[in-house]
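Novice: Encoded as C-alpha cells, here's the structure I'll be asking about.
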Amino acid sequence: MPREIIDIPSTRPVRRLRRLRRSPAARSLVSETKLHPHDLVQPLFIKDSGEPEKVPSMPGVERIPLDRISAHCAKLQDLGLHAVALFPCTDPALKDPSGTAAFDPENLICRGIKALKKTLPELLVVADVALDPYTSHGHDGLLDPQGDVDNDRTVAALERMAVLLAHAGADWVAPSDMMDGRVAAIRTALDDAGCTHIAILAYSAKFASAFYGPFRDAIGSASSAGTRSLDKRTYQLDPANRREALLEAALDEEEGADALMVKPAGPFLDIIREIRERTDLPLAAYQVSGEYAQIHAAAQLGWLDLKTARDESLVGIKRAGADFILTYFAESWARDYQKI
Ligand code: PBG
C-alpha cells in the first residue's frame with residue numbers, strides 16, 4: 001500500500017493565523033482598521049436652480065440645486081455623516097479669465113454655505129479655495145502673459161476668497177490650488193478679518209492626476225477649458241515625487257495649516273503613510289472622482305462587486321494613515337453601515 005502522505009503531514013504549524021479568521025465574530029474582534037461614518041466627508045456639487053442633474057461619469061452623484069441642499073444634507077446627517085465639502089457648478093456665462101465670480105459675496109457657493117449654516121448649523125462645511133470653478137480657462141489661478149498660473153497674484157486672490165467663504169459661514173477653508181505660500185497668506189488674511197476660528201485644511205500633497213476627469217465634468221471646468229485633461233503640472237505635484245510631497249506637507253504645517261490632505265488617495269497610499277508618520281496634525285485623504293468612477297464603471301460591467309470594492313478602497317486609505325476621508329461613497333457607505 002502507498003503511504004497516504006496527505007493524511008500524515010510531517011510537520012504541523014504551531015502558529016495558525018487562520019484560527020482567528022474562522023468566523024465573522026472572530027474577524028471583527030481582530031479587525032485592525034475600523035471605518036465609521038464620522039471618518040467620512042461627503043463632497044457635494046451644487047447648482048443654482050432647476051432639477052437635480054446626474055453627473056454621467058459619476059453614477060449616483062448629482063448636481064444639487066440650492067433649494068434642495070439643506071434637505072439633502074439633513075438626510076446625510078441622519079446617516080451619521082457630520083461634514084460636507086461643497087463645490088459650485090458655476091454658470092459658464094459667469095466665468096472669465098480672472099475668475100471674477102469667486103469674489104462675489106452672493107455667488108453660488110456663498111449662498112449654498114449660508115443656506116446650510118442657517119438650517120443645519122452643526123454640519124461642518126468645508127469650502128475649497130481655488131479659482132477653477134470660476135475661470136474660463138479652468139485653471140486654479142490667474143494666468144501670467146505666458147499663460148502660466150501667476151503664483152503671487154493668485155495667492156492674493158485666494159486670500160480674498162478665503163475671507164469671503166469664512167464670512168459666508170464655512171467652518172474650514174481648503175486651499176486646493178497648490179500655490180506656494182498660500183497657507184500662510186490665507187491664515188494671516190483670515191486672522192486680520194477676525195476669522196481666527198476658521199481652520200485651514202490644506203491640500204498639501206495634491207498630485208497632477210488623471211483621476212480628476214469626472215470632477216472637471218461635474219463642475220464644468222473641463223468644458224470651459226475645452227479638455228478634461230487640463231494640464232496643471234506647473235503647480236500640482238508630479239505623481240513620481242515622494243520627497244517633494246513630504247516637503248509640501250512640512251511647509252503647510254509650518255505655515256499654519258490645521259490639517260493636511262493627500263489627493264488622490266488610492267494611488268498615493270505610501271504618501272499618506274509617510275506624512276502620517278511625520279506629522280502630529282490630523283491627516284485627510286481625498287478619494288477623488290476618478291477613483292470613484294473606475295469602481296462604478298467596473299461594477300457596471302460586472303467585473304467588480306461594487307460594495308466590496310468600495311469598502312476595500314476606503315479601508316485601505318484609513319489603514320494607510322488617513323484620519324478622515326473625503327469620498328463620493330460617503331452616503332452609500334454610511335447607509336450600508338446603518339444596516340449592520
Ligand atoms: C480644483 C479641485 C479639483 C478637485 C478638487 N478641487 C480638480 C482639479 O485640480 O482639477 C478634484 C476632486 C475630484 O476629482 O474628485 N481646485
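Quick note on naming: the chains in the C-alpha cells go A, B, ... in the order shown, residues restart at 1 in each chain, and ligands are numbered from 1 in order of appearance.
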Could you give me, as JSON, numbers by chain, every polymer residue with an atom at most 6 Å away from an atom of ligand 1, counting only C-alpha atoms and all ligand atoms?
Specialist: {"A": [130, 132, 140, 176, 177, 211, 212, 215, 288, 289]}
Novice: Wanna dump the stretch 41-121 of chain A-stretch 297-302 of chain A contacts at 9 Å for me, each residue with its shortest atom pair and the distance in Å to one decimal, counting only C-alpha atoms, ordered by chain and number, as a Markdown table?
Specialist:
```
| residue | atom | partner | partner_atom | distance |
| --- | --- | --- | --- | --- |
| A:Ser57 | CA | A:Ala297 | CA | 8.6 |
| A:Met58 | CA | A:Ala297 | CA | 8.9 |
| A:Pro59 | CA | A:Ala297 | CA | 8.5 |
```
Novice: Kindly export the residues of the current selection with N, CA and C atoms, as a CSV table (one decimal), in the first residue's frame.
Specialist:
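part34.csv, written as the output of this step:
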```csv
chain,number,residue,atom,x,y,z
A,57,SER,N,-20.4,60.7,-15.6
A,57,SER,CA,-19.2,59.9,-15.3
A,57,SER,C,-19.1,59.6,-13.8
A,58,MET,N,-20.1,59.9,-13.0
A,58,MET,CA,-20.1,59.6,-11.6
A,58,MET,C,-21.5,59.1,-11.2
A,59,PRO,N,-21.7,57.8,-11.5
A,59,PRO,CA,-23.0,57.2,-11.2
A,59,PRO,C,-23.4,57.5,-9.7
```
Novice: Please provide the set of residues having any atom within 10 Å of A:Ala101, restricted to only C-alpha atoms, with same-chain residues fewer than 3 positions apart removed, written as a PDB file with N, CA and C atoms, in the first residue's frame.
Specialist:
```
ATOM      1  N   THR A  90     -20.539  76.541 -11.556  1.00  0.00           N
ATOM      2  CA  THR A  90     -20.788  77.938 -11.924  1.00  0.00           C
ATOM      3  C   THR A  90     -21.318  78.039 -13.351  1.00  0.00           C
ATOM      4  N   ASP A  91     -22.327  78.874 -13.545  1.00  0.00           N
ATOM      5  CA  ASP A  91     -22.851  79.155 -14.882  1.00  0.00           C
ATOM      6  C   ASP A  91     -21.699  79.617 -15.789  1.00  0.00           C
ATOM      7  N   LEU A  94     -20.848  83.182 -16.312  1.00  0.00           N
ATOM      8  CA  LEU A  94     -20.249  83.980 -15.237  1.00  0.00           C
ATOM      9  C   LEU A  94     -18.736  83.791 -15.154  1.00  0.00           C
ATOM     10  N   LYS A  95     -18.199  82.902 -15.987  1.00  0.00           N
ATOM     11  CA  LYS A  95     -16.760  82.641 -15.897  1.00  0.00           C
ATOM     12  C   LYS A  95     -15.980  83.627 -16.764  1.00  0.00           C
ATOM     13  N   ASP A  96     -14.818  84.016 -16.273  1.00  0.00           N
ATOM     14  CA  ASP A  96     -13.928  84.857 -17.078  1.00  0.00           C
ATOM     15  C   ASP A  96     -12.492  84.495 -16.723  1.00  0.00           C
ATOM     16  N   SER A  98     -10.261  85.963 -15.102  1.00  0.00           N
ATOM     17  CA  SER A  98      -9.814  86.314 -13.746  1.00  0.00           C
ATOM     18  C   SER A  98     -10.636  85.657 -12.663  1.00  0.00           C
ATOM     19  N   ASP A 104     -17.630  87.437  -5.513  1.00  0.00           N
ATOM     20  CA  ASP A 104     -18.970  87.971  -5.318  1.00  0.00           C
ATOM     21  C   ASP A 104     -19.574  87.327  -4.066  1.00  0.00           C
ATOM     22  N   PRO A 105     -19.849  88.143  -3.045  1.00  0.00           N
ATOM     23  CA  PRO A 105     -20.371  87.564  -1.795  1.00  0.00           C
ATOM     24  C   PRO A 105     -21.729  86.880  -1.972  1.00  0.00           C
ATOM     25  N   GLU A 106     -22.369  87.112  -3.112  1.00  0.00           N
ATOM     26  CA  GLU A 106     -23.663  86.467  -3.373  1.00  0.00           C
ATOM     27  C   GLU A 106     -23.523  85.342  -4.386  1.00  0.00           C
ATOM     28  N   ASN A 107     -22.305  84.865  -4.602  1.00  0.00           N
ATOM     29  CA  ASN A 107     -22.156  83.787  -5.591  1.00  0.00           C
ATOM     30  C   ASN A 107     -22.744  82.484  -5.051  1.00  0.00           C
ATOM     31  N   LEU A 108     -22.798  81.503  -5.940  1.00  0.00           N
ATOM     32  CA  LEU A 108     -23.471  80.244  -5.626  1.00  0.00           C
ATOM     33  C   LEU A 108     -22.931  79.582  -4.352  1.00  0.00           C
ATOM     34  N   LEU A 131      -9.491  78.881  -7.818  1.00  0.00           N
ATOM     35  CA  LEU A 131     -10.299  79.650  -8.772  1.00  0.00           C
ATOM     36  C   LEU A 131     -10.913  78.815  -9.894  1.00  0.00           C
ATOM     37  N   PRO A 133     -13.404  76.783 -10.401  1.00  0.00           N
ATOM     38  CA  PRO A 133     -14.830  76.796 -10.774  1.00  0.00           C
ATOM     39  C   PRO A 133     -15.258  78.107 -11.452  1.00  0.00           C
ATOM     40  N   TYR A 134     -14.385  79.098 -11.431  1.00  0.00           N
ATOM     41  CA  TYR A 134     -14.771  80.437 -11.889  1.00  0.00           C
ATOM     42  C   TYR A 134     -14.012  80.933 -13.118  1.00  0.00           C
ATOM     43  N   THR A 135     -12.895  80.265 -13.454  1.00  0.00           N
ATOM     44  CA  THR A 135     -12.085  80.771 -14.569  1.00  0.00           C
ATOM     45  C   THR A 135     -12.526  80.136 -15.885  1.00  0.00           C
TER      46      THR A 135
END
```
Novice: Find the residues near A:Ala166: any atom within 12 Å, counting only C-alpha atoms, skip ones fewer than 4 places away on the same chain, and give them as an MDAnalysis selection string.
Specialist: chainID A and resid 105 109:110 113:114 117 125:129 159:162 170:174 186:187 189:191 193:200
